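File shown: model-v4.tsv. Contents: TSV, C-alpha atoms.
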```
chain	number	residue	atom	x	y	z
A	1	PRO	CA	2.63	22.38	28.74
A	2	PHE	CA	-0.89	20.93	28.73
A	3	VAL	CA	-2.11	23.75	30.99
A	4	LEU	CA	-0.70	26.14	28.39
A	5	ARG	CA	-2.70	24.34	25.67
A	6	TYR	CA	-5.90	24.94	27.64
A	7	TYR	CA	-4.95	28.57	28.17
A	8	ARG	CA	-4.34	29.13	24.46
A	9	ILE	CA	-7.71	27.65	23.54
A	10	VAL	CA	-9.47	29.79	26.15
A	11	TRP	CA	-7.60	32.83	24.84
A	12	LEU	CA	-8.55	31.98	21.25
A	13	CYS	CA	-12.24	31.71	22.13
A	14	ALA	CA	-12.13	34.94	24.16
A	15	VAL	CA	-10.40	36.97	21.45
A	16	VAL	CA	-12.64	35.71	18.63
A	17	SER	CA	-15.78	36.34	20.71
A	18	TRP	CA	-14.60	39.81	21.71
A	19	ARG	CA	-13.89	40.79	18.10
A	20	VAL	CA	-17.27	39.49	16.95
A	21	GLY	CA	-18.97	41.38	19.77
A	22	CYS	CA	-17.15	44.59	18.89
A	23	ALA	CA	-18.09	44.19	15.22
A	24	SER	CA	-21.74	43.65	16.15
A	25	LEU	CA	-21.77	46.97	18.00
A	26	ALA	CA	-19.74	48.80	15.35
A	27	VAL	CA	-22.07	47.94	12.45
A	28	ARG	CA	-25.11	49.50	14.13
A	29	GLY	CA	-26.33	52.51	12.18
A	30	ARG	CA	-23.92	51.92	9.29
A	31	SER	CA	-24.86	51.34	5.66
A	32	ALA	CA	-25.09	47.79	4.35
A	33	ALA	CA	-21.87	48.22	2.36
A	34	ALA	CA	-19.97	49.57	5.38
A	35	ALA	CA	-21.32	46.78	7.60
A	36	ASP	CA	-20.30	44.12	5.08
A	37	ALA	CA	-16.80	45.60	4.84
A	38	LEU	CA	-16.44	45.66	8.62
A	39	TRP	CA	-17.59	42.05	8.98
A	40	GLU	CA	-15.25	41.00	6.17
A	41	MET	CA	-12.29	42.57	7.97
A	42	THR	CA	-13.30	41.05	11.31
A	43	HIS	CA	-13.69	37.56	9.86
A	44	ARG	CA	-10.41	37.85	7.96
A	45	VAL	CA	-8.45	38.79	11.10
A	46	ASN	CA	-10.19	36.12	13.17
A	47	ALA	CA	-9.66	33.43	10.54
A	48	ARG	CA	-5.91	34.07	10.40
A	49	PHE	CA	-5.74	34.06	14.22
A	50	VAL	CA	-7.63	30.74	14.38
A	51	TYR	CA	-5.39	29.22	11.71
A	52	ASP	CA	-2.15	30.31	13.40
A	53	THR	CA	-3.29	29.03	16.81
A	54	VAL	CA	-4.58	25.68	15.54
A	55	ALA	CA	-1.52	25.04	13.35
A	56	SER	CA	0.82	25.65	16.30
A	57	LEU	CA	-1.23	23.47	18.68
A	58	GLY	CA	-1.57	20.60	16.21
A	59	GLY	CA	-3.22	17.37	17.34
A	60	PHE	CA	-6.98	17.07	17.58
A	61	TRP	CA	-7.47	20.79	16.98
A	62	VAL	CA	-6.12	20.38	13.45
A	63	LYS	CA	-8.48	17.48	12.82
A	64	LEU	CA	-11.40	19.51	14.14
A	65	ALA	CA	-10.44	22.51	12.01
A	66	GLN	CA	-10.14	20.26	8.96
A	67	ALA	CA	-13.66	18.95	9.55
A	68	THR	CA	-15.03	22.40	10.27
A	69	SER	CA	-13.45	23.90	7.15
A	70	ILE	CA	-15.97	22.14	4.92
A	71	SER	CA	-18.98	23.52	6.80
A	72	SER	CA	-21.26	25.50	4.52
A	73	ALA	CA	-22.31	27.72	7.44
A	74	LEU	CA	-18.85	29.21	7.95
A	75	PRO	CA	-17.93	32.48	6.22
A	76	GLU	CA	-15.78	31.81	3.16
A	77	VAL	CA	-12.66	33.41	4.62
A	78	TYR	CA	-12.61	30.87	7.47
A	79	LYS	CA	-12.94	27.98	5.06
A	80	LEU	CA	-10.06	29.29	2.94
A	81	GLU	CA	-7.76	29.68	5.93
A	82	LEU	CA	-8.63	26.36	7.60
A	83	ALA	CA	-8.42	24.48	4.30
A	84	GLN	CA	-4.66	25.05	4.43
A	85	LEU	CA	-4.58	22.61	7.34
A	86	GLN	CA	-5.47	19.81	4.92
A	87	ASP	CA	-1.83	19.89	3.77
A	88	ALA	CA	1.12	18.16	5.45
A	89	MET	CA	1.82	18.94	9.11
A	90	PRO	CA	5.31	19.54	10.58
A	91	ALA	CA	7.31	16.33	11.01
A	92	ASP	CA	9.49	15.10	13.87
A	93	ASP	CA	13.21	15.18	13.10
A	94	LEU	CA	15.04	11.94	12.32
A	95	PRO	CA	16.91	11.68	15.68
A	96	SER	CA	13.54	11.83	17.47
A	97	VAL	CA	12.21	9.07	15.23
A	98	HIS	CA	15.30	6.95	15.97
A	99	ARG	CA	14.81	7.41	19.73
A	100	LEU	CA	11.18	6.37	19.46
A	101	LEU	CA	12.04	3.26	17.44
A	102	GLU	CA	14.67	2.31	20.00
A	103	ALA	CA	12.19	2.77	22.84
A	104	GLU	CA	9.56	0.64	21.10
A	105	LEU	CA	11.67	-2.03	19.37
A	106	GLY	CA	14.77	-2.15	21.54
A	107	PRO	CA	18.40	-1.11	21.00
A	108	GLU	CA	18.81	-3.56	18.10
A	109	TRP	CA	15.98	-2.09	16.05
A	110	ARG	CA	18.31	-1.35	13.12
A	111	SER	CA	18.68	-5.08	12.56
A	112	SER	CA	15.05	-5.23	11.37
A	113	VAL	CA	14.38	-1.68	10.14
A	114	LYS	CA	16.70	0.53	8.11
A	115	LEU	CA	15.35	4.02	7.63
A	116	TYR	CA	16.47	6.09	4.68
A	117	ASP	CA	17.95	9.50	5.42
A	118	GLY	CA	16.00	12.58	4.48
A	119	PRO	CA	12.53	13.93	5.22
A	120	PRO	CA	9.50	11.63	5.63
A	121	LEU	CA	7.24	10.81	2.72
A	122	GLY	CA	4.42	12.49	4.58
A	123	SER	CA	3.43	13.79	7.99
A	124	ALA	CA	-0.07	14.15	9.46
A	125	THR	CA	-1.53	14.99	12.85
A	126	ILE	CA	-0.89	11.57	14.40
A	127	ALA	CA	2.07	10.06	12.57
A	128	GLN	CA	4.61	10.36	9.79
A	129	VAL	CA	5.78	7.86	7.19
A	130	HIS	CA	9.38	7.08	6.21
A	131	ARG	CA	10.90	5.01	3.42
A	132	ALA	CA	12.76	2.01	4.80
A	133	ARG	CA	14.16	-1.41	4.14
A	134	LEU	CA	12.45	-4.06	6.25
A	135	ARG	CA	13.55	-7.56	7.17
A	136	VAL	CA	10.60	-9.84	6.42
A	137	VAL	CA	10.39	-13.51	7.41
A	138	ARG	CA	9.16	-15.58	4.49
A	139	GLU	CA	7.82	-19.13	4.47
A	140	GLY	CA	10.27	-21.63	5.85
A	141	GLY	CA	11.95	-19.02	8.06
A	142	ARG	CA	13.83	-17.38	5.19
A	143	VAL	CA	14.66	-13.74	5.97
A	144	GLU	CA	14.55	-11.22	3.13
A	145	GLU	CA	15.04	-7.47	2.93
A	146	VAL	CA	12.28	-5.60	1.09
A	147	GLU	CA	11.53	-1.99	0.28
A	148	GLY	CA	8.77	-0.60	2.43
A	149	VAL	CA	7.60	2.20	4.67
A	150	VAL	CA	7.47	2.70	8.43
A	151	LYS	CA	4.66	4.69	10.05
A	152	VAL	CA	5.80	6.29	13.29
A	153	GLN	CA	3.45	7.94	15.74
A	154	HIS	CA	4.47	11.42	16.88
A	155	ARG	CA	5.94	11.46	20.36
A	156	HIS	CA	3.39	12.24	23.13
A	157	VAL	CA	0.64	12.71	20.53
A	158	GLU	CA	-1.73	10.24	22.23
A	159	ARG	CA	-1.73	12.11	25.54
A	160	SER	CA	-2.20	15.51	23.92
A	161	LEU	CA	-4.98	14.24	21.64
A	162	LEU	CA	-6.97	12.78	24.52
A	163	ILE	CA	-6.64	16.03	26.47
A	164	ASP	CA	-7.65	18.05	23.40
A	165	ILE	CA	-10.73	15.88	22.85
A	166	GLY	CA	-11.96	16.70	26.35
A	167	ALA	CA	-11.31	20.42	25.89
A	168	SER	CA	-12.92	20.47	22.43
A	169	GLN	CA	-16.17	19.10	23.83
A	170	ILE	CA	-16.39	22.14	26.13
A	171	VAL	CA	-15.51	24.49	23.26
A	172	ALA	CA	-18.16	22.87	21.05
A	173	LEU	CA	-20.80	23.37	23.75
A	174	LEU	CA	-19.89	27.05	24.19
A	175	ALA	CA	-19.66	27.68	20.43
A	176	SER	CA	-23.04	26.10	19.70
A	177	PHE	CA	-24.56	28.24	22.45
A	178	ALA	CA	-22.86	31.53	21.50
A	179	PHE	CA	-23.08	31.16	17.69
A	180	PRO	CA	-25.86	28.63	16.96
A	181	HIS	CA	-26.19	29.78	13.34
A	182	LEU	CA	-22.55	28.81	12.69
A	183	PHE	CA	-21.85	25.87	15.02
A	184	GLN	CA	-25.16	24.16	15.71
A	185	ASP	CA	-23.73	20.79	14.63
A	186	MET	CA	-20.30	21.22	16.21
A	187	ARG	CA	-20.98	18.92	19.18
A	188	VAL	CA	-21.94	16.10	16.82
A	189	VAL	CA	-18.82	16.72	14.72
A	190	VAL	CA	-16.59	16.63	17.82
A	191	LYS	CA	-18.23	13.45	19.08
A	192	ASP	CA	-17.87	11.58	15.78
A	193	LEU	CA	-14.35	12.86	15.18
A	194	SER	CA	-13.20	11.87	18.67
A	195	VAL	CA	-14.33	8.28	18.07
A	196	LEU	CA	-12.42	8.12	14.78
A	197	THR	CA	-9.33	9.73	16.31
A	198	ARG	CA	-9.18	7.29	19.22
A	199	ALA	CA	-9.30	4.45	16.70
A	200	GLU	CA	-6.51	6.05	14.61
A	201	LEU	CA	-4.23	6.08	17.65
A	202	ASP	CA	-4.26	2.28	17.75
A	203	PHE	CA	-2.06	1.17	14.84
A	204	ARG	CA	-3.07	-2.44	15.48
A	205	ILE	CA	-6.52	-1.65	14.06
A	206	GLU	CA	-4.92	-0.19	10.95
A	207	ALA	CA	-2.60	-3.20	10.66
A	208	GLN	CA	-5.58	-5.56	10.83
A	209	SER	CA	-7.35	-3.56	8.12
A	210	GLN	CA	-4.28	-3.65	5.89
A	211	ALA	CA	-3.91	-7.40	6.42
A	212	THR	CA	-7.54	-7.89	5.45
A	213	ALA	CA	-7.09	-5.74	2.34
A	214	ARG	CA	-3.97	-7.73	1.41
A	215	GLU	CA	-5.89	-11.01	1.69
A	216	LEU	CA	-8.67	-9.68	-0.52
A	217	LEU	CA	-6.18	-8.43	-3.12
A	218	ALA	CA	-4.31	-11.74	-3.01
A	219	ALA	CA	-7.58	-13.56	-3.63
A	220	ALA	CA	-7.97	-11.39	-6.74
A	221	ASP	CA	-4.47	-12.41	-7.93
A	222	ALA	CA	-2.97	-9.01	-7.08
A	223	SER	CA	0.60	-9.02	-5.74
A	224	VAL	CA	1.02	-7.16	-2.43
A	225	GLU	CA	4.05	-7.13	-0.13
A	226	ALA	CA	3.69	-8.51	3.38
A	227	LEU	CA	2.80	-6.27	6.28
A	228	CYS	CA	5.38	-5.92	9.03
A	229	GLU	CA	3.28	-5.84	12.21
A	230	GLU	CA	5.84	-4.38	14.59
A	231	GLU	CA	4.31	-1.59	16.67
A	232	CYS	CA	6.34	1.59	16.24
```

Please, can you express the file's structure as structure tokens?
Amino acid sequence: PFVLRYYRIVWLCAVVSWRVGCASLAVRGRSAAAADALWEMTHRVNARFVYDTVASLGGFWVKLAQATSISSALPEVYKLELAQLQDAMPADDLPSVHRLLEAELGPEWRSSVKLYDGPPLGSATIAQVHRARLRVVREGGRVEEVEGVVKVQHRHVERSLLIDIGASQIVALLASFAFPHLFQDMRVVVKDLSVLTRAELDFRIEAQSQATARELLAAADASVEALCEEEC
């Protein structure tokens, strides 16, 4: 399946480049209005193709498209299409989430985490969040059930993201060479985004940040529930 991901990215780049090349030849000798109309149609078709491919691939490609969608150098139609990727991404079904929790926490995971039925509260490129009741150990060893949420990483997302990061660096190099007026900063964007994405994959970093935030809020007399630091 990962070979297929590479193939789809190569195909995407080839099709977009071919359409741009054809448009460049087709506008020669035409009036300014006709040329603008032809470029508008080309960009519109390409933008939809890019959106459909990236949305189906998911992972790092969605993050890269989200970052690219705010580039002022891109034609407006690309920004409009890619901006749709800022919304929620498809979620894993509940049985898949249950299997992942069992694999990570053991067969008795329901004794500490009780997920509510129904869709997740939200789903992004790396993980999704579910409402749950959590068993929290208070001072003195007292166990109490509290309302909370569980953030569950999508299955196999780490492997696919790391592969996508490597492929995106090649794409960024080719894009900045082929279309420097559009993607001159793409290599820098990919580099910075890959660092952030690798950090996002490690939920322990996020847990530490949340614990620090909780301590700061507690120092300001704000009431915050405890963080359950089980890795899911």

(message) Applying 12 Å and all atoms listed in the file, which residues near range 19-35 of chain A remain after dropping the ones on its own chain fewer than 3 positions away? List them as a ChimeraX atom specification.
(response) /A:12-16,38-47,49,178-179

Residues as selected, C-alpha atoms, written as a compact mmCIF listing (two decimals), keeping the file's coordinate frame, can you do that?
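The file below, result.txt, is the result:
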```txt
# COMPACT_ATOMS: atom_id res chain seq x y z
CA LEU A 12 -8.55 31.98 21.25
CA CYS A 13 -12.24 31.71 22.13
CA ALA A 14 -12.13 34.94 24.16
CA VAL A 15 -10.40 36.97 21.45
CA VAL A 16 -12.64 35.71 18.63
CA LEU A 38 -16.44 45.66 8.62
CA TRP A 39 -17.59 42.05 8.98
CA GLU A 40 -15.25 41.00 6.17
CA MET A 41 -12.29 42.57 7.97
CA THR A 42 -13.30 41.05 11.31
CA HIS A 43 -13.69 37.56 9.86
CA ARG A 44 -10.41 37.85 7.96
CA VAL A 45 -8.45 38.79 11.10
CA ASN A 46 -10.19 36.12 13.17
CA ALA A 47 -9.66 33.43 10.54
CA PHE A 49 -5.74 34.06 14.22
CA ALA A 178 -22.86 31.53 21.50
CA PHE A 179 -23.08 31.16 17.69
```

Using all atoms of range 110-125 of chain A that appear in the file, construct an axis-aligned enclosing box with 5 Å of padding on every side and provide its centre coordinates and edge lengths in Å, rounded to one decimal, as AutoDock Vina command-line options.
```
--center_x 8.6 --center_y 4.9 --center_z 7.9 --size_x 30.2 --size_y 30.2 --size_z 20.4
```

(request) Go ahead and compute the interatomic distance for CA of Thr125 in chain A and CA of Gly59 in chain A, in Å to one decimal. (result)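 Distance reported for this atom pair: 5.4 Å.
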
(request) With a distance cut-off of 10 Å and all atoms listed in the file, select the neighbouring residues of Arg5 in chain A, excluding the residue or stretch itself and same-chain residues fewer than 3 positions from it, and output the selection as a PyMOL selection string. (result) chain A and resi 1-2+8-11+57+160+163-164+167

(message) One number please: CA of Ser56 in chain A to CA of Ala175 in chain A, in Å, one decimal.
(response) 21.0 Å

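Using all atoms listed in the file, the shortest contact distance between Val157 in chain A and any of A:His98, A:Arg187, A:Arg198, A:Arg131 is found at A:Arg198.
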
(message) Please determine, counting all atoms listed in the file, which residue among A:Leu94, A:Glu139, A:Ser69, A:Leu101 has the shortest atom-to-atom distance to Asp117 in chain A.
(response)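 Using all atoms listed in the file, Asp117 in chain A sits closest to A:Leu94.
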